[in-house]
Amino acid sequence: MALFAIARFLDNGDPDPAFGDGGRVTTEFVEGSVNAFGLAVDAEDRIITAGALLAPEATEFAFTRHLPSGELDGSFAGDGRLRVGFDGRSGGAMSVTLDSEQRIVAVGGVAAPDKGNEFAVVRLLEDGALDDSFGNEGRVVAAFDEGPGFALDVSIDPLDRIVAAGFANAQLPGNVFAVLRLLTDGTLDQRFGTNGRAVVEFTGIDTGFSVLHDHRWRIVVAGKVGPGAASDGAVARLLGDGRLDPSFGVNGRAYSDLGGSRGQVKAVALAGDRRIVLAGLSHENLDQFGIARLLPGGDHDQTFSFDGRSSSTFFDTDGAEDVVVDATNRVVAAGYTGTSGGGTVFATARLLSDGTPDMSFGLQGQVFADFVEGSVDRASAVAIDSASRIVVGGSIGHPRDWPLGHGPHRAGVRVVKAMPIPSQDARVNAVIYYPATREATNAPIAPGAPFPVAAFVHANRGAPPCPGTPTDDGNDLLELDTILRHLARWGYVVISGDASAAPPGPFFQIDLMQAEAEYMIAENTRGGSPFEQRLRTTDIVLIGHSTGGGAAYAVAASGALNVGAVAALVPSGQTRSVGNIPSLTVAVTRDDGTFGGNATAFYNSCESPKHLLTIGGANHFGFTESLCFGSDGDPLIARHDQQRIAAAYMTAFLQHYLRGAAGYAEVLTGATDVESLEPFDLEVQAET
């Protein structure tokens, strides 16, 4: 079960011993898992967190308030915890702030009655009661003409007008920056944009992650533009009436790669000298904290780390989720970094006003907070209280308690630039997961070769990313990161190509999967390849999700490759028989058919040996790292649980059919339950 988590640090980076247990506090909701995305500190240094509660009936807004000591504040909603629903419509809060009267304002999204999501805003009184003077009993829901949307951040101007920013789907898979402004009573401000709404388009695949008001009440929205493999950070500045500010950047728009070959801005803050600070993820061979500072006109500030860009590297997989600037213009960025055990921890970096690391803070300007060893701990918000203490909030997840074990290896990752797809006359980036000696990018390959090879293809971009999830930059290379890393630890080499620009339909996925397999076959014989003579290419495994699952069946049925097994998660598309090739099909009970999942039909089309696993309470996109359900059925189990169930049965399937390992046949036929998965509603069918 995921929990809200808060860490507080003293000005020198030491954990604050006066806060919770050694500077850390966790909060559980008995109704279900919770993920915190927003944090604010009020005038009394009480800490408010906001996020999403995965309750049995629907996902809801969730709030906590903690006293400066770290204890839950009993004067808030009775026990310091509050859940706010929207008449059974699933939703979640992504950001929280306070207005001039210390009322609590949170924004996020709720599921629309037809498809997708809509902006949602909640205002609470100081005691946690819904503010009846705002909207409909303290709630406002607003849609954009451009399509489904989700609010990711909030800023309040000096008149207590609420500005929410995020994205709206102009045309799948495209997004635009979306901004709305509400008056103090919750009505849309007709003096802003069109009927209280404004949109900004950069590339048509854009997401606004963060918003603020500058000293002249102009609205600054920052985020990412472009597909994941070619994303860039972007900033737009709007005038008070919602028009783009022509004095900023080019026609109101500016860009920053945060110092890497690509990047995404996740947060924006205003320095005391009116310069704009950006933070997020910068990628150049590996992911790292990326930080940039812009002049008020939108150009990079050359006095900040020489070219206006800086970075902070912790380990191999880092990302900043929020940023603040303190009273002396030091920049504090918080996010996450990977660990050797496959989990993540809270990570915070502080830079001096010139962009260099602040050596008086922690170890070389960096501090960590690890709540549970091996768990997935992700900081998503940061604030500074009146005593200059740094407050970092987020969530901690399950330890990686994999039902069949962690696997004998670590998971290494290699990035392939511009992998060719000859039949499409195209090139895409790809990621190769492989058994390694340590969890790192380009880590040495583990002993024990040759390793079986698998080609994975994901779904079309039929749904927007879930805000706040690890890969909400839209980088489809990583959409099955959790499951594929797990397979790598069990000794499988898996290549995953980026199909984010794929046209609708299965044909691109079919050609991509074929190209992936051919690439790995060639790598096994290419001189100088790190995989030279280390791969088993005589029985390729094909793995796919949704339309990618349909592609796996199509490639296997074509006979173009020597295929040893097929594994498909909620496959969709035209059913094809793969003959006597062993197959594992995974179905879910919360797929309403909108996205074409027809797993049972695929299973029925195959000959033995074949296996069908149906996961009760799971939905179509819960196997992925970040794709949201849109009109897909609301999940009744946590995303992590859905992933680890699928990973366990896929591991058993491959171990049995690819390696002939003992003890897995009973799992695949349902004769034996997998330890620790007994509480879940799992149905296994098989013909062997």
# chains A, B, ... in the order shown; residues from 1 in each chain; ligands from 1
call {"tool": "residues_around", "arguments": {"residues": "A:Asp481", "least_positions_apart": "5", "cutoff": "9 Å", "atoms": "only C-alpha atoms", "output": "PyMOL selection string"}}
result
chain A and resi 433+486+624-625
call {"tool": "atom_distance", "arguments": {"atom1": "atom CA of A:Ile219", "atom2": "atom CA of A:Asp307"}}
result
24.8 Å
call {"tool": "closest_residue", "arguments": {"among": "A:Val415, A:Val105, A:Ala647, A:Ala18", "to": "A:Leu569", "atoms": "only C-alpha atoms"}}
result
A:Ala647
call {"tool": "residues_around", "arguments": {"residues": "stretch 260-269 of chain A", "least_positions_apart": "2", "cutoff": "7 Å", "atoms": "only C-alpha atoms", "output": "ChimeraX atom specification"}}
result
/A:209-211,222-224,230-234,257-258,271,276-284,321-325,473
